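Trainee: So I've got this file, query28.cif, and it contains mmCIF, C-alpha atoms:
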```cif
data_work
#
loop_
_atom_site.label_atom_id
_atom_site.label_comp_id
_atom_site.auth_asym_id
_atom_site.auth_seq_id
_atom_site.Cartn_x
_atom_site.Cartn_y
_atom_site.Cartn_z
CA MET A 75 20.15 -82.95 12.46
CA THR A 76 21.19 -79.44 13.44
CA THR A 77 20.73 -76.92 10.73
CA LEU A 78 22.72 -74.18 12.40
CA GLU A 79 25.66 -74.37 14.64
CA LYS A 80 27.53 -71.78 16.50
CA ILE A 81 31.09 -71.29 15.46
CA GLU A 82 33.33 -71.63 18.43
CA ASN A 83 35.95 -69.34 17.06
CA GLN A 84 37.97 -66.86 19.00
CA SER A 85 35.77 -63.85 18.41
CA GLU A 86 32.75 -65.75 19.64
CA GLN A 87 34.45 -66.79 22.81
CA LYS A 88 35.52 -63.26 23.56
CA SER A 89 31.93 -62.06 23.57
CA VAL A 90 29.68 -62.92 26.45
CA HIS A 91 25.99 -62.76 27.17
CA ARG A 92 25.27 -59.54 28.93
CA GLU A 93 23.99 -61.09 32.12
CA HIS A 94 27.58 -62.10 32.78
CA ALA A 95 28.92 -58.70 31.88
CA ASN A 96 30.70 -56.19 33.99
CA THR A 97 28.60 -53.03 33.74
CA GLU A 98 31.58 -50.81 34.38
CA VAL A 99 33.36 -51.67 31.15
CA PRO A 100 32.02 -49.34 28.47
CA MET A 101 31.13 -50.40 24.95
CA SER A 102 32.01 -54.07 24.96
CA THR A 103 30.65 -56.42 22.34
CA TYR A 104 27.97 -58.83 23.45
CA LEU A 105 26.22 -61.87 22.03
CA PRO A 106 22.66 -60.92 21.22
CA ARG A 107 20.15 -63.31 22.79
CA THR A 108 18.77 -65.50 20.07
CA ASP A 109 15.87 -67.80 19.32
CA ILE A 110 16.09 -70.08 16.30
CA VAL A 111 13.00 -71.80 14.98
CA ASP A 112 13.05 -74.54 12.37
CA SER A 113 10.01 -75.10 10.19
CA ASP A 114 9.49 -77.19 7.10
CA VAL A 115 10.40 -74.55 4.57
CA GLU A 116 12.67 -72.15 6.45
CA VAL A 117 14.64 -71.36 9.56
CA LYS A 118 14.02 -68.11 11.42
CA ILE A 119 16.54 -66.40 13.67
CA TRP A 120 15.38 -63.76 16.15
CA ALA A 121 18.16 -61.74 17.75
CA GLU A 122 17.54 -59.05 20.36
CA MET A 123 19.52 -55.90 19.72
CA PRO A 124 17.73 -53.17 21.68
CA GLY A 125 18.65 -49.63 20.73
CA LEU A 126 19.42 -50.46 17.13
CA ASP A 127 17.47 -49.73 13.98
CA SER A 128 17.93 -51.31 10.56
CA ASN A 129 20.67 -48.82 9.65
CA SER A 130 22.91 -49.88 12.51
CA VAL A 131 22.77 -53.60 11.77
CA ASN A 132 25.08 -55.45 9.40
CA ILE A 133 24.42 -58.95 8.18
CA ILE A 134 27.27 -60.60 6.34
CA LEU A 135 27.25 -63.97 4.65
CA ASP A 136 30.75 -65.15 3.86
CA LYS A 137 30.59 -68.56 2.23
CA ASN A 138 28.61 -70.49 4.84
CA VAL A 139 29.28 -68.19 7.80
CA LEU A 140 26.48 -65.80 8.73
CA THR A 141 27.55 -62.87 10.90
CA LEU A 142 25.14 -60.52 12.66
CA GLU A 143 26.65 -57.26 13.80
CA GLY A 144 25.07 -54.28 15.52
CA GLN A 145 26.84 -51.01 16.07
CA LEU A 146 25.35 -48.87 18.79
CA PRO A 147 24.78 -45.23 17.82
CA MET A 148 26.57 -42.82 20.12
CA SER A 149 23.34 -40.82 20.53
CA LEU A 150 22.21 -43.50 22.96
CA GLN A 151 24.06 -41.58 25.64
CA PRO A 152 21.58 -38.87 26.63
CA GLU A 153 23.13 -35.44 26.34
CA GLY A 154 23.47 -33.40 29.48
CA TYR A 155 22.70 -36.33 31.78
CA ALA A 156 25.03 -38.07 34.19
CA LEU A 157 24.69 -41.84 34.74
CA LYS A 158 23.72 -42.57 38.35
CA ILE A 159 22.76 -46.24 38.36
CA SER A 160 23.70 -48.82 35.77
CA GLU A 161 21.89 -52.13 35.99
CA TYR A 162 22.46 -53.18 32.41
CA PRO A 163 25.56 -52.76 30.26
CA VAL A 164 25.43 -51.10 26.88
CA GLY A 165 27.52 -52.27 23.96
CA ASN A 166 27.72 -53.52 20.42
CA TYR A 167 26.50 -56.92 19.28
CA ARG A 168 28.09 -59.68 17.28
CA ARG A 169 27.24 -63.31 16.71
CA THR A 170 28.19 -65.79 14.03
CA PHE A 171 26.51 -68.96 12.81
CA LYS A 172 27.71 -71.64 10.46
CA LEU A 173 25.06 -72.58 7.92
CA SER A 174 24.65 -76.04 6.52
CA GLN A 175 24.18 -76.65 2.80
CA GLU A 176 20.42 -76.82 3.03
CA PHE A 177 19.68 -73.09 2.68
CA ASN A 178 18.97 -70.97 -0.32
CA CYS A 179 21.51 -68.28 0.50
CA GLU A 180 20.38 -66.02 -2.37
CA ASP A 181 17.08 -65.45 -0.67
CA ILE A 182 17.93 -64.60 2.93
CA GLN A 183 15.69 -61.85 4.33
CA ALA A 184 16.15 -59.63 7.35
CA LYS A 185 13.81 -57.29 9.18
CA MET A 186 14.27 -55.14 12.25
CA LYS A 187 11.39 -54.23 14.54
CA ASN A 188 11.31 -52.91 18.11
CA GLY A 189 14.97 -53.76 18.58
CA VAL A 190 14.59 -57.37 17.40
CA LEU A 191 16.31 -58.57 14.24
CA CYS A 192 14.50 -61.33 12.37
CA ILE A 193 16.34 -63.28 9.69
CA THR A 194 14.57 -65.76 7.45
CA LEU A 195 16.69 -68.48 5.84
CA PRO A 196 14.65 -70.33 3.23
CA LYS A 197 15.54 -73.98 2.73
CA ARG A 198 16.48 -75.23 -0.71
CA GLU A 199 13.49 -76.82 -2.31
CA ASP A 200 15.54 -79.45 -4.13
CA LEU A 201 16.62 -80.92 -0.81
CA GLY A 202 13.14 -81.64 0.48
CA PRO A 203 12.06 -85.19 1.23
CA LYS A 204 10.93 -87.08 -1.83
CA ARG A 205 8.25 -89.66 -1.89
CA VAL A 206 9.23 -92.83 -3.66
CA ALA A 207 6.37 -94.57 -5.29
CA VAL A 208 6.19 -98.31 -4.80
CA LYS A 209 4.92 -100.10 -7.82
CA ALA A 210 2.73 -103.09 -7.49
CA GLU A 211 4.01 -106.08 -9.37
CA MET B 12 27.79 -35.71 67.89
CA LEU B 13 25.52 -34.94 64.99
CA ILE B 14 27.48 -37.02 62.50
CA ASN B 15 27.19 -40.08 64.67
CA ARG B 16 23.49 -39.64 65.17
CA VAL B 17 22.95 -39.47 61.42
CA GLY B 18 24.93 -42.67 61.20
CA ASN B 19 26.32 -43.30 57.80
CA TRP B 20 26.84 -40.33 55.53
CA ASP B 21 26.02 -42.59 52.61
CA SER B 22 22.44 -42.70 53.77
CA LEU B 23 22.14 -39.02 52.96
CA ASP B 24 22.90 -39.71 49.34
CA PRO B 25 19.55 -40.38 47.68
CA PHE B 26 21.20 -42.43 44.97
CA GLY B 27 23.07 -44.43 47.55
CA GLU B 28 19.69 -45.25 49.05
CA MET B 29 18.25 -46.06 45.68
CA GLY B 30 21.15 -48.28 44.78
CA HIS B 31 20.74 -50.07 48.08
CA PHE B 32 17.03 -50.48 47.44
CA PHE B 33 17.70 -51.93 44.01
CA SER B 34 20.33 -54.35 45.25
CA THR B 35 18.21 -55.51 48.18
CA LEU B 36 15.42 -56.42 45.82
CA GLN B 37 17.76 -58.40 43.65
CA GLU B 38 19.36 -60.28 46.50
CA ASP B 39 16.00 -61.23 48.00
CA ARG B 40 14.81 -63.02 44.92
CA GLY B 41 18.12 -64.53 43.99
CA GLN B 42 17.68 -63.28 40.46
CA LYS B 43 17.68 -60.00 38.63
CA ASP B 44 14.51 -57.99 38.49
CA TYR B 45 13.02 -57.35 35.11
CA PRO B 46 13.25 -54.94 33.52
CA GLN B 47 16.67 -53.60 34.47
CA PHE B 48 17.09 -49.83 34.62
CA ASN B 49 19.84 -47.38 33.92
CA VAL B 50 19.18 -44.13 35.74
CA TRP B 51 20.45 -40.78 34.50
CA GLU B 52 20.15 -37.39 36.13
CA ASP B 53 20.26 -33.78 35.04
CA PRO B 54 19.30 -30.62 36.99
CA ASN B 55 15.66 -31.00 35.91
CA GLY B 56 15.18 -34.56 37.05
CA LEU B 57 15.72 -38.18 36.06
CA LEU B 58 15.83 -40.17 32.88
CA MET B 59 15.30 -43.90 33.32
CA THR B 60 16.03 -46.19 30.42
CA THR B 61 15.30 -49.88 30.08
CA GLU B 62 15.63 -52.43 27.32
CA LEU B 63 12.35 -54.01 26.20
CA PRO B 64 13.09 -55.53 22.80
CA GLY B 65 10.04 -56.95 21.08
CA VAL B 66 7.54 -55.18 23.33
CA GLU B 67 4.81 -53.06 21.67
CA PRO B 68 3.83 -49.69 23.19
CA GLU B 69 0.23 -50.85 23.70
CA ASP B 70 1.46 -53.73 25.86
CA LEU B 71 3.10 -51.37 28.35
CA ASP B 72 1.56 -49.85 31.44
CA ILE B 73 3.56 -47.18 33.24
CA VAL B 74 2.33 -45.76 36.52
CA ALA B 75 4.08 -42.97 38.40
CA THR B 76 3.27 -41.60 41.82
CA ASN B 77 5.21 -38.85 43.52
CA ASP B 78 7.92 -41.21 44.62
CA THR B 79 7.51 -44.54 42.82
CA LEU B 80 7.59 -45.71 39.26
CA THR B 81 6.00 -48.95 38.08
CA VAL B 82 6.61 -50.46 34.68
CA LYS B 83 4.32 -53.35 33.76
CA GLY B 84 4.05 -55.07 30.46
CA ASN B 85 3.71 -58.16 28.42
CA LYS B 86 6.04 -59.55 25.82
CA LYS B 87 4.05 -61.68 23.44
CA VAL B 88 5.46 -65.03 22.49
CA PHE B 89 5.88 -65.86 18.81
CA GLU B 90 3.23 -68.33 17.75
CA LEU B 91 4.90 -71.49 16.53
CA GLY B 92 3.34 -73.52 13.75
CA GLU B 93 2.58 -77.18 14.23
CA LYS B 94 5.74 -78.37 12.52
CA ASP B 95 8.01 -75.68 14.01
CA SER B 96 10.60 -76.51 16.60
CA TYR B 97 13.17 -74.51 18.55
CA LEU B 98 16.82 -75.08 17.67
CA LYS B 99 17.83 -72.44 20.21
CA LYS B 100 15.77 -70.67 22.82
CA GLU B 101 17.35 -67.83 24.78
CA LEU B 102 14.62 -65.17 24.69
CA THR B 103 12.07 -64.83 27.47
CA TYR B 104 8.42 -63.95 27.07
CA GLY B 105 5.40 -63.20 29.20
CA SER B 106 4.34 -60.53 31.64
CA PHE B 107 6.62 -58.51 33.87
CA SER B 108 6.28 -55.82 36.48
CA ARG B 109 8.73 -53.81 38.50
CA SER B 110 8.30 -50.93 40.93
CA VAL B 111 11.14 -48.75 42.06
CA LYS B 112 11.28 -46.08 44.69
CA LEU B 113 12.55 -42.79 43.36
CA PRO B 114 15.30 -40.90 45.16
CA TYR B 115 13.15 -37.78 45.46
CA ARG B 116 9.63 -36.58 44.75
CA ILE B 117 8.79 -36.02 41.12
CA ASP B 118 5.91 -34.37 39.31
CA ALA B 119 3.63 -37.34 38.54
CA ASP B 120 1.62 -35.27 36.06
CA ARG B 121 4.62 -34.59 33.87
CA VAL B 122 6.05 -38.04 33.24
CA GLU B 123 6.97 -38.73 29.63
CA ALA B 124 7.64 -42.19 28.20
CA LYS B 125 8.99 -43.10 24.78
CA LEU B 126 9.59 -46.53 23.29
CA ARG B 127 12.05 -46.55 20.43
CA ASN B 128 13.93 -49.49 18.90
CA GLY B 129 13.17 -51.59 21.95
CA ILE B 130 14.37 -49.05 24.50
CA LEU B 131 11.92 -47.39 26.87
CA SER B 132 12.94 -43.93 28.10
CA ILE B 133 11.02 -42.34 30.94
CA THR B 134 11.60 -38.70 31.82
CA LEU B 135 10.70 -37.67 35.36
CA HIS B 136 10.66 -34.00 36.24
CA ARG B 137 11.71 -32.75 39.60
CA PRO B 138 9.41 -29.95 40.81
CA ASP B 139 11.18 -26.65 41.51
CA ALA B 140 10.20 -26.91 45.17
CA GLU B 141 12.08 -30.22 45.39
CA LYS B 142 15.26 -29.04 43.70
CA PRO B 143 18.36 -28.51 45.79
CA LYS B 144 18.77 -24.91 46.83
CA ASN B 145 21.86 -22.88 47.12
CA ILE B 146 22.06 -21.36 50.53
CA GLN B 147 23.56 -17.96 50.67
CA VAL B 148 26.17 -17.42 53.32
CA THR B 149 26.05 -13.95 54.73
CA ASN B 150 28.47 -12.06 56.87
CA ASN B 151 27.10 -11.01 60.17
#
```
What does this structure look like when you write it as structure tokens?

Mentor:
Amino acid sequence: MTTLEKIENQSEQKSVHREHANTEVPMSTYLPRTDIVDSDVEVKIWAEMPGLDSNSVNIILDKNVLTLEGQLPMSLQPEGYALKISEYPVGNYRRTFKLSQEFNCEDIQAKMKNGVLCITLPKREDLGPKRVAVKAE
Amino acid sequence: MLINRVGNWDSLDPFGEMGHFFSTLQEDRGQKDYPQFNVWEDPNGLLMTTELPGVEPEDLDIVATNDTLTVKGNKKVFELGEKDSYLKKELTYGSFSRSVKLPYRIDADRVEAKLRNGILSITLHRPDAEKPKNIQVTNN
């Protein structure tokens, strides 16, 4: 059973992973690289958004669609310097996930550290597996 | 003719050389080197930036000589619990190292490195003696 699935909507398809990006196009929107780990009680999403702090990240839950957005601050362009070599492109981030019914959406937590966003989606306790006792006759 | 002996004028452009050096490295291995650099310049020297999300400052080792810069480090993997499983795995972990040749000599004693929000910025100062000089043209 997949607990999270990527929405193949138009906005998702327009974004690309940055390794396929053209470095000459300024300020595109990229898919942040993501790890998703499922444990018994929760699902954790790690999304790499280097250059961003917690103030530049938006997390929106609209019904069952979770959107992660990162807006790059303009100060990332160093003042007075001219770009000579560009090996990696710089841009904003956006990625959406469709959540199944098994999460407690009231209790989603997000933390940002060293350019990595970590979102914790707790699972609803009432959906856990239940042991059925077998009575001896 | 002097121009012919020099060959290609591009080879006089230090950044042309550097770009060539970078691309040769990448072609040789058939994959991109890690980490990838953006290189900026101002009259005082170079600013090299690279994205290292999830890397702690204590896991970085930066060594500069007069004409090379080496960035080594380790990105620690998240420890998974026994019942944890990956639903998606796109991030990479482990140790990395990359050395690049600089386009001109820098002052190895005055290299500054900052790691902020997963971006490493290294400032390399160009000694005055290495800066381009304006040559005065005089009338005879």

Trainee: Between B:His136, B:Leu98, B:Pro46, B:Ala124, single out the one closest to Lys86 (chain B), counting all atoms listed in the file.

Mentor: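 Result for the nearest residue to Lys86 (chain B): B:Pro46.
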
Trainee: Just the number, please: distance in Å from CA of Gln175 (chain A) to CA of Leu102 (chain B), one decimal.

Mentor: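 Computed distance, CA of Gln175 (chain A) to CA of Leu102 (chain B), equals 26.5 Å.
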
Trainee: Which of these, B:Asp95, B:Leu113, B:Glu69, B:Glu90, has the shortest distance to Ile159 (chain A) once you count all atoms listed in the file?

Mentor: B:Leu113

Trainee: Find the residues around Asp139 (chain B) up to 12 Å (all atoms listed in the file counted), leave out those fewer than 2 positions away in its own chain, and share them as a CSV table (one decimal) with C-alpha atoms, in the coordinates of the input.

Mentor:
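Writing done, so here's part-v2.csv:
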```
chain,number,residue,atom,x,y,z
B,54,PRO,CA,19.3,-30.6,37.0
B,55,ASN,CA,15.7,-31.0,35.9
B,56,GLY,CA,15.2,-34.6,37.0
B,115,TYR,CA,13.2,-37.8,45.5
B,116,ARG,CA,9.6,-36.6,44.8
B,117,ILE,CA,8.8,-36.0,41.1
B,118,ASP,CA,5.9,-34.4,39.3
B,136,HIS,CA,10.7,-34.0,36.2
B,137,ARG,CA,11.7,-32.8,39.6
B,141,GLU,CA,12.1,-30.2,45.4
B,142,LYS,CA,15.3,-29.0,43.7
B,143,PRO,CA,18.4,-28.5,45.8
B,144,LYS,CA,18.8,-24.9,46.8
```

Trainee: May I ask which of the residues A:Lys209, A:Tyr155, A:Cys192, A:Ser174 is the closest one to Trp120 (chain A), counting only C-alpha atoms?

Mentor: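 Going through A:Lys209, A:Tyr155, A:Cys192, A:Ser174 one by one, the smallest distance to Trp120 (chain A) is for A:Cys192.
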
Trainee: B:Tyr104, B:Pro68, B:Pro114, B:Glu52: which is nearest Phe89 (chain B), counting only C-alpha atoms?

Mentor: B:Tyr104

Trainee: Find the nearest atom pair between each residue of chain B and chain A for residues within 8 Å, count only C-alpha atoms, give distances in Å to one decimal, sort rows by chain and ascending number, and present the table as JSON lines.

Mentor:
```
{"residue": "B:Phe26", "atom": "CA", "partner": "A:Lys158", "partner_atom": "CA", "distance": 7.1}
{"residue": "B:Gly30", "atom": "CA", "partner": "A:Ile159", "partner_atom": "CA", "distance": 6.9}
{"residue": "B:Gln47", "atom": "CA", "partner": "A:Glu161", "partner_atom": "CA", "distance": 5.6}
{"residue": "B:Phe48", "atom": "CA", "partner": "A:Glu161", "partner_atom": "CA", "distance": 5.5}
{"residue": "B:Asn49", "atom": "CA", "partner": "A:Ser160", "partner_atom": "CA", "distance": 4.5}
{"residue": "B:Val50", "atom": "CA", "partner": "A:Ile159", "partner_atom": "CA", "distance": 4.9}
{"residue": "B:Trp51", "atom": "CA", "partner": "A:Leu157", "partner_atom": "CA", "distance": 4.4}
{"residue": "B:Glu52", "atom": "CA", "partner": "A:Tyr155", "partner_atom": "CA", "distance": 5.2}
{"residue": "B:Asp53", "atom": "CA", "partner": "A:Tyr155", "partner_atom": "CA", "distance": 4.8}
{"residue": "B:Leu58", "atom": "CA", "partner": "A:Tyr155", "partner_atom": "CA", "distance": 7.9}
{"residue": "B:Glu62", "atom": "CA", "partner": "A:Pro124", "partner_atom": "CA", "distance": 6.1}
{"residue": "B:Leu63", "atom": "CA", "partner": "A:Pro124", "partner_atom": "CA", "distance": 7.1}
{"residue": "B:Pro64", "atom": "CA", "partner": "A:Gly189", "partner_atom": "CA", "distance": 4.9}
{"residue": "B:Gly65", "atom": "CA", "partner": "A:Asn188", "partner_atom": "CA", "distance": 5.2}
{"residue": "B:Val66", "atom": "CA", "partner": "A:Asn188", "partner_atom": "CA", "distance": 6.8}
{"residue": "B:Glu67", "atom": "CA", "partner": "A:Asn188", "partner_atom": "CA", "distance": 7.4}
{"residue": "B:Gly92", "atom": "CA", "partner": "A:Ser113", "partner_atom": "CA", "distance": 7.7}
{"residue": "B:Lys94", "atom": "CA", "partner": "A:Ser113", "partner_atom": "CA", "distance": 5.9}
{"residue": "B:Asp95", "atom": "CA", "partner": "A:Ser113", "partner_atom": "CA", "distance": 4.4}
{"residue": "B:Ser96", "atom": "CA", "partner": "A:Asp112", "partner_atom": "CA", "distance": 5.3}
{"residue": "B:Tyr97", "atom": "CA", "partner": "A:Val111", "partner_atom": "CA", "distance": 4.5}
{"residue": "B:Leu98", "atom": "CA", "partner": "A:Ile110", "partner_atom": "CA", "distance": 5.2}
{"residue": "B:Lys99", "atom": "CA", "partner": "A:Ile110", "partner_atom": "CA", "distance": 4.9}
{"residue": "B:Lys100", "atom": "CA", "partner": "A:Asp109", "partner_atom": "CA", "distance": 4.5}
{"residue": "B:Glu101", "atom": "CA", "partner": "A:Thr108", "partner_atom": "CA", "distance": 5.4}
{"residue": "B:Leu102", "atom": "CA", "partner": "A:Asp109", "partner_atom": "CA", "distance": 6.1}
{"residue": "B:Arg127", "atom": "CA", "partner": "A:Asn188", "partner_atom": "CA", "distance": 6.8}
{"residue": "B:Asn128", "atom": "CA", "partner": "A:Asn188", "partner_atom": "CA", "distance": 4.4}
{"residue": "B:Gly129", "atom": "CA", "partner": "A:Gly189", "partner_atom": "CA", "distance": 4.4}
{"residue": "B:Ile130", "atom": "CA", "partner": "A:Gly125", "partner_atom": "CA", "distance": 5.7}
```

Trainee: Can you tell me which residues surround Ser110 (chain B) at a distance of at most 7 Å, considering all atoms listed in the file, apart from same-chain residues fewer than 3 positions away, and format the answer as a list in words?

Mentor: Thr79, Leu80, Thr81 and Val82 of chain B

Trainee: Write out as a list of chain:residue names the residues lying within 10 Å of Lys137 (chain A), counting all atoms listed in the file and excluding same-chain residues fewer than 6 positions away.

Mentor: A:Lys172, A:Leu173, A:Cys179

Trainee: Can you list, as a PDB file with C-alpha atoms, in the frame of the given file, the residues that the PyMOL selection byres ((chain A and resi 196) around 6) selects here?

Mentor:
```
ATOM      1  CA  GLU A 116      12.670 -72.150   6.450  1.00  0.00           C
ATOM      2  CA  PHE A 177      19.680 -73.090   2.680  1.00  0.00           C
ATOM      3  CA  ASN A 178      18.970 -70.970  -0.320  1.00  0.00           C
ATOM      4  CA  LEU A 195      16.690 -68.480   5.840  1.00  0.00           C
ATOM      5  CA  LYS A 197      15.540 -73.980   2.730  1.00  0.00           C
TER       6      LYS A 197
END
```

Trainee: CA of Asp78 (chain B) and CA of Val111 (chain B), how far apart in Å?

Mentor: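 Between these atoms lies a distance of 8.6 Å.
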
Trainee: What does the distance between CA of Met59 (chain B) and CA of Leu135 (chain B) come to in Å, to one decimal place?

Mentor: 8.0 Å

Trainee: Nearest to Tyr167 (chain A) among A:Ala207, A:Ser130, A:Gln145, A:Leu135, with distances taken over all atoms listed in the file: which residue is it?

Mentor: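 Selected residue with least distance to Tyr167 (chain A): A:Gln145.
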
Trainee: Determine the residue set returned by the PyMOL selection byres ((chain A and resi 166) around 8) for the present structure, and present it as number ranges by chain.

Mentor: A: 101-104, 143-146, 164-165, 167-168

Trainee: Decode the PyMOL selection byres ((chain B and resi 85) around 7) for the given file into explicit residues and return them as a VMD selection string.

Mentor: chain B and resid 70 to 71 84 86 to 87 105 to 107

Trainee: Can you tell me, as a list in words, what residues are no more than 7 Å from region 132-134 of chain B when counting all atoms listed in the file, ignoring any on the same chain fewer than 5 positions away?

Mentor: Leu57, Leu58, Met59, Thr60, Thr61, Val122, Glu123, Ala124, Lys125 and Leu126 of chain B

Trainee: Can I get the selected residues back with C-alpha atoms, as a tab-separated table (two decimals), in the frame of the given file?

Mentor:
```tsv
chain	number	residue	atom	x	y	z
B	57	LEU	CA	15.72	-38.18	36.06
B	58	LEU	CA	15.83	-40.17	32.88
B	59	MET	CA	15.30	-43.90	33.32
B	60	THR	CA	16.03	-46.19	30.42
B	61	THR	CA	15.30	-49.88	30.08
B	122	VAL	CA	6.05	-38.04	33.24
B	123	GLU	CA	6.97	-38.73	29.63
B	124	ALA	CA	7.64	-42.19	28.20
B	125	LYS	CA	8.99	-43.10	24.78
B	126	LEU	CA	9.59	-46.53	23.29
```

Trainee: Can you work out which one of B:Thr103, B:Asp120, B:Glu93, B:Asp44 has the shortest atom-to-atom distance to Val74 (chain B), counting only C-alpha atoms?

Mentor: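 The closest residue to Val74 (chain B) is B:Asp120.
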